[in-house]
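Participant: Coordinates in work.tsv, TSV, C-alpha atoms and all ligand atoms, are listed below.
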chain	number	residue	atom	x	y	z
A	28	VAL	CA	-20.65	-2.44	5.52
A	29	SER	CA	-23.45	0.14	5.61
A	30	GLU	CA	-24.77	1.92	8.66
A	31	ALA	CA	-28.51	1.91	9.34
A	32	LYS	CA	-29.27	5.60	9.92
A	33	ASP	CA	-28.85	8.40	7.43
A	34	GLY	CA	-27.83	11.59	9.23
A	35	PRO	CA	-24.84	13.89	8.64
A	36	LEU	CA	-22.47	11.72	10.64
A	37	GLU	CA	-23.58	8.60	8.77
A	38	ARG	CA	-22.97	10.33	5.45
A	39	ILE	CA	-19.49	11.41	6.56
A	40	VAL	CA	-18.73	7.90	7.76
A	41	ALA	CA	-19.92	6.51	4.42
A	42	VAL	CA	-17.45	8.78	2.58
A	43	ALA	CA	-14.67	7.79	4.98
A	44	ALA	CA	-15.53	4.08	4.65
A	45	THR	CA	-15.17	4.24	0.87
A	46	GLN	CA	-11.75	5.84	1.24
A	47	LEU	CA	-10.75	3.31	3.87
A	48	ASP	CA	-11.68	0.53	1.42
A	49	LEU	CA	-9.31	2.06	-1.13
A	50	LEU	CA	-6.51	2.50	1.41
A	51	GLU	CA	-6.91	-1.10	2.62
A	52	ASP	CA	-6.86	-2.32	-0.97
A	53	ALA	CA	-3.70	-0.30	-1.67
A	54	ARG	CA	-1.88	-2.15	1.14
A	55	ARG	CA	-2.13	-5.29	-0.93
A	56	ARG	CA	-0.96	-3.58	-4.12
A	57	PRO	CA	2.60	-2.26	-3.93
A	58	GLU	CA	2.37	-0.56	-7.34
A	59	ILE	CA	-0.16	1.97	-6.03
A	60	ASP	CA	0.98	5.46	-5.06
A	61	ARG	CA	-0.15	5.35	-1.43
A	62	ALA	CA	0.87	8.91	-0.58
A	63	GLY	CA	-1.21	10.22	-3.47
A	64	LEU	CA	-4.11	8.00	-2.52
A	65	ALA	CA	-3.96	9.14	1.10
A	66	GLU	CA	-3.97	12.78	0.00
A	67	THR	CA	-6.98	12.20	-2.24
A	68	ALA	CA	-8.75	10.38	0.61
A	69	LEU	CA	-8.16	13.30	2.97
A	70	GLU	CA	-9.46	15.76	0.38
A	71	LEU	CA	-12.63	13.73	-0.18
A	72	VAL	CA	-13.28	13.32	3.55
A	73	LEU	CA	-12.76	17.06	4.09
A	74	LYS	CA	-15.11	17.76	1.17
A	75	GLY	CA	-17.76	15.49	2.73
A	76	ILE	CA	-17.37	17.20	6.10
A	77	ALA	CA	-17.56	20.63	4.45
A	78	ALA	CA	-20.85	19.71	2.71
A	79	GLU	CA	-22.37	18.66	6.04
A	80	ALA	CA	-20.90	21.68	7.83
A	81	ARG	CA	-22.51	23.98	5.27
A	82	ALA	CA	-25.88	22.25	5.68
A	83	ALA	CA	-25.57	22.56	9.47
A	84	GLY	CA	-24.72	26.27	9.32
A	85	LEU	CA	-21.08	25.77	10.34
A	86	ASP	CA	-20.02	28.37	7.80
A	87	THR	CA	-16.51	29.10	9.01
A	88	PHE	CA	-15.27	25.64	8.14
A	89	ALA	CA	-17.35	25.42	4.95
A	90	GLN	CA	-15.95	28.73	3.69
A	91	ARG	CA	-12.35	27.84	4.59
A	92	HIS	CA	-12.73	24.60	2.69
A	93	ALA	CA	-14.27	26.35	-0.34
A	94	ALA	CA	-11.35	28.79	-0.43
A	95	PHE	CA	-8.86	25.93	-0.19
A	96	ALA	CA	-10.58	23.92	-2.95
A	97	ALA	CA	-10.66	26.95	-5.27
A	98	ARG	CA	-6.87	27.02	-5.20
A	99	GLY	CA	-6.80	23.85	-7.28
A	100	GLY	CA	-5.03	20.53	-7.19
A	101	ASP	CA	-1.45	19.38	-7.39
A	102	ALA	CA	0.17	18.97	-10.82
A	103	GLN	CA	2.14	15.99	-9.48
A	104	ARG	CA	-1.13	14.11	-9.11
A	105	HIS	CA	-2.07	14.62	-12.76
A	106	LEU	CA	1.22	13.57	-14.34
A	107	ILE	CA	-0.32	10.71	-16.32
A	108	ALA	CA	-2.99	12.95	-17.87
A	109	LEU	CA	-0.51	15.77	-18.46
A	110	GLY	CA	1.92	13.33	-20.10
A	111	GLU	CA	-0.67	11.80	-22.42
A	112	GLY	CA	0.73	11.46	-25.95
A	113	TRP	CA	4.13	12.70	-24.84
A	114	ALA	CA	7.58	11.15	-25.10
A	115	CYS	CA	10.88	12.73	-24.17
A	116	ARG	CA	12.38	14.35	-27.24
A	117	HIS	CA	15.86	13.42	-26.02
A	118	CYS	CA	15.64	9.82	-24.78
A	119	LYS	CA	12.12	8.66	-25.88
A	120	ASN	CA	11.10	7.74	-22.33
A	121	ASP	CA	7.42	8.52	-21.68
A	122	VAL	CA	7.34	8.90	-17.89
A	123	VAL	CA	6.97	12.45	-16.65
A	124	ARG	CA	8.87	13.66	-13.58
A	125	SER	CA	7.30	17.10	-13.35
A	126	VAL	CA	5.65	19.89	-15.29
A	127	GLN	CA	7.52	23.09	-15.97
A	128	LEU	CA	5.78	26.35	-16.85
A	129	ALA	CA	7.45	29.30	-18.51
A	130	ARG	CA	6.00	32.76	-19.02
A	131	VAL	CA	6.00	33.46	-22.78
A	132	ASP	CA	4.16	36.45	-24.30
A	133	ASP	CA	2.03	36.87	-21.14
A	134	ARG	CA	0.89	33.24	-21.23
A	135	TRP	CA	2.06	30.09	-19.50
A	136	LYS	CA	3.82	27.62	-21.79
A	137	ALA	CA	4.07	24.06	-20.46
A	138	SER	CA	6.90	21.60	-20.87
A	139	LEU	CA	7.43	18.20	-19.32
A	140	VAL	CA	10.52	17.08	-17.45
A	141	CYS	CA	11.62	13.54	-18.26
A	142	ARG	CA	11.89	11.16	-15.34
A	143	ALA	CA	14.66	9.20	-17.05
A	144	CYS	CA	17.04	11.93	-18.25
A	145	GLY	CA	15.76	15.06	-16.49
A	146	ARG	CA	15.60	17.09	-19.69
A	147	VAL	CA	12.68	19.20	-20.82
A	148	SER	CA	10.54	18.88	-23.95
A	149	PRO	CA	7.19	20.36	-25.04
A	150	ILE	CA	3.92	18.96	-23.76
A	151	ALA	CA	1.68	17.12	-26.30
A	152	PRO	CA	-1.79	18.35	-27.38
A	153	LEU	CA	-3.57	15.84	-25.11
A	154	GLY	CA	-1.48	17.07	-22.19
A	155	THR	CA	-2.32	20.67	-23.05
A	156	ALA	CA	-6.01	19.74	-22.97
A	157	ALA	CA	-5.59	18.08	-19.56
A	158	LEU	CA	-3.75	21.16	-18.30
A	159	ALA	CA	-6.65	23.38	-19.38
A	160	ARG	CA	-9.17	20.99	-17.82
A	161	HIS	CA	-7.50	20.82	-14.40
A	162	PHE	CA	-5.82	24.22	-14.13
A	163	GLY	CA	-7.56	26.42	-16.73
A	164	ALA	CA	-8.84	29.05	-14.32
A	165	LEU	CA	-5.48	29.34	-12.57
A	166	LEU	CA	-3.60	29.68	-15.86
A	167	GLU	CA	-5.62	32.83	-16.54
A	168	ASP	CA	-5.07	34.26	-13.06
A	169	ALA	CA	-2.35	36.92	-13.13
A	170	ASP	CA	-1.66	36.50	-9.40
A	171	TRP	CA	-1.22	32.73	-9.54
A	172	ASP	CA	2.03	31.18	-8.31
A	173	PRO	CA	2.31	27.80	-10.10
A	174	THR	CA	4.62	26.42	-7.41
A	175	ASP	CA	1.58	26.47	-5.06
A	176	ASN	CA	0.14	23.70	-7.26
A	177	GLY	CA	3.25	21.59	-7.71
A	178	PHE	CA	4.55	23.05	-10.97
A	179	GLU	CA	8.12	24.05	-11.63
A	180	VAL	CA	8.61	27.52	-13.02
A	181	ALA	CA	11.33	27.98	-15.64
A	182	THR	CA	13.77	30.72	-14.74
A	201	ZN	ZN	14.46	11.85	-21.44
Translate this file's structure into structure tokens.
Facilitator:
Amino acid sequence: VSEAKDGPLERIVAVAATQLDLLEDARRRPEIDRAGLAETALELVLKGIAAEARAAGLDTFAQRHAAFAARGGDAQRHLIALGEGWACRHCKNDVVRSVQLARVDDRWKASLVCRACGRVSPIAPLGTAALARHFGALLEDADWDPTDNGFEVAT
């Protein structure tokens, strides 16, 4: 369903309508992670509003949103990419529960926590590449707290 006019509100509604399509579709598909989908939908709608706010000179909101977006996504939403090529060293399961970072020689070293047995084993090269792609800038930031982005930190 497309609206006739093409102003800021119509563009925001178009973004929201796409997300609503996805949320409606997810109702019919129990295997979909609805909480994750809803979070993504909210982020995309906020991003669409921020773009229009910036164009309209509503800088306070646009700047708040830019600062929020710069803080990066949630590791829990990238578990499939981060677990690419990985299997638990202990039980051979390949479903990741969470990502654990440890500070080694002034760098973050990633391991994956097994959903089946809860034990930790090293991330695979494809997962390392995904980590760099999604969180590269944060990994280099000395002031970053990984728990802000859904990582566990090894103690
Ligand atoms: Zn395991």
Participant: If you measure from atom CA of Ile150 of chain A to atom CA of Ala137 of chain A, what distance in Å do you get, rounded to one decimal?
Facilitator: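 It comes out at 6.1 Å.
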Participant: Any idea what the distance is between atom CA of Asp52 of chain A and atom CA of Leu69 of chain A?
Facilitator: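 Here the two named atoms are 16.2 Å from each other.
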Participant: Using Å and a single decimal, report how far atom CA of Ala157 of chain A sits from atom CA of Ala102 of chain A.
Facilitator: 10.5 Å
Participant: Tell me, counting only C-alpha atoms and all ligand atoms, for each residue of chain A within 7 Å of ligand ZN 201 (chain A), which pair of atoms is nearest and how far apart they are in Å to one decimal, in rows ordered by chain and increasing number, as JSON lines.
Facilitator:
{"residue": "A:Cys115", "atom": "CA", "partner": "A:ZN201", "partner_atom": "ZN", "distance": 4.6}
{"residue": "A:Arg116", "atom": "CA", "partner": "A:ZN201", "partner_atom": "ZN", "distance": 6.6}
{"residue": "A:His117", "atom": "CA", "partner": "A:ZN201", "partner_atom": "ZN", "distance": 5.0}
{"residue": "A:Cys118", "atom": "CA", "partner": "A:ZN201", "partner_atom": "ZN", "distance": 4.1}
{"residue": "A:Lys119", "atom": "CA", "partner": "A:ZN201", "partner_atom": "ZN", "distance": 5.9}
{"residue": "A:Asn120", "atom": "CA", "partner": "A:ZN201", "partner_atom": "ZN", "distance": 5.4}
{"residue": "A:Cys141", "atom": "CA", "partner": "A:ZN201", "partner_atom": "ZN", "distance": 4.6}
{"residue": "A:Arg142", "atom": "CA", "partner": "A:ZN201", "partner_atom": "ZN", "distance": 6.7}
{"residue": "A:Ala143", "atom": "CA", "partner": "A:ZN201", "partner_atom": "ZN", "distance": 5.1}
{"residue": "A:Cys144", "atom": "CA", "partner": "A:ZN201", "partner_atom": "ZN", "distance": 4.1}
{"residue": "A:Gly145", "atom": "CA", "partner": "A:ZN201", "partner_atom": "ZN", "distance": 6.0}
{"residue": "A:Arg146", "atom": "CA", "partner": "A:ZN201", "partner_atom": "ZN", "distance": 5.6}
Participant: Got time to write the residues from that selection, C-alpha atoms, as an mmCIF file, in the frame of the given file?
Facilitator:
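Final output, saved to part_14.cif:
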data_model
loop_
_atom_site.group_PDB
_atom_site.id
_atom_site.type_symbol
_atom_site.label_atom_id
_atom_site.label_comp_id
_atom_site.auth_asym_id
_atom_site.auth_seq_id
_atom_site.Cartn_x
_atom_site.Cartn_y
_atom_site.Cartn_z
ATOM 1 C CA CYS A 115 10.880 12.730 -24.170
ATOM 2 C CA ARG A 116 12.380 14.350 -27.240
ATOM 3 C CA HIS A 117 15.860 13.420 -26.020
ATOM 4 C CA CYS A 118 15.640 9.820 -24.780
ATOM 5 C CA LYS A 119 12.120 8.660 -25.880
ATOM 6 C CA ASN A 120 11.100 7.740 -22.330
ATOM 7 C CA CYS A 141 11.620 13.540 -18.260
ATOM 8 C CA ARG A 142 11.890 11.160 -15.340
ATOM 9 C CA ALA A 143 14.660 9.200 -17.050
ATOM 10 C CA CYS A 144 17.040 11.930 -18.250
ATOM 11 C CA GLY A 145 15.760 15.060 -16.490
ATOM 12 C CA ARG A 146 15.600 17.090 -19.690
#
Participant: Tell me which of A:Leu50, A:Ala41, A:Leu139, A:Ala78 sits closest to His92 of chain A, counting all atoms listed in the file.
Facilitator: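 Smallest separation from His92 of chain A among the options: A:Ala78.
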Participant: Taking only C-alpha atoms into account, which of A:Leu128, A:Val42, A:Leu49, A:Leu166 comes nearest Arg61 of chain A?
Facilitator: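 Of the candidates, the smallest distance to Arg61 of chain A is held by A:Leu49.
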Participant: Which residue out of A:Gly110, A:Gly99, A:Val123, A:Arg104 has the minimum interatomic distance to Trp171 of chain A when all atoms listed in the file are used?
Facilitator: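 Using all atoms listed in the file, the shortest distance to Trp171 of chain A belongs to A:Gly99.
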Participant: Counting all atoms listed in the file, figure out which residue out of A:Asp101, A:Val147, A:Arg91, A:Glu111 gets nearest to Gly177 of chain A.
Facilitator: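 Of all the options, A:Asp101 lies closest to Gly177 of chain A.
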Participant: Between A:Leu153, A:Val131, A:Ala62, A:Leu71, which one has atoms that come closest to Ala96 of chain A, using all atoms listed in the file?
Facilitator: A:Leu71
Participant: With all atoms listed in the file as the basis for distance, which of A:Pro57, A:Gly100, A:Gly63, A:Pro35 is at the shortest distance from Ala80 of chain A?
Facilitator: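 Selected residue with least distance to Ala80 of chain A: A:Pro35.
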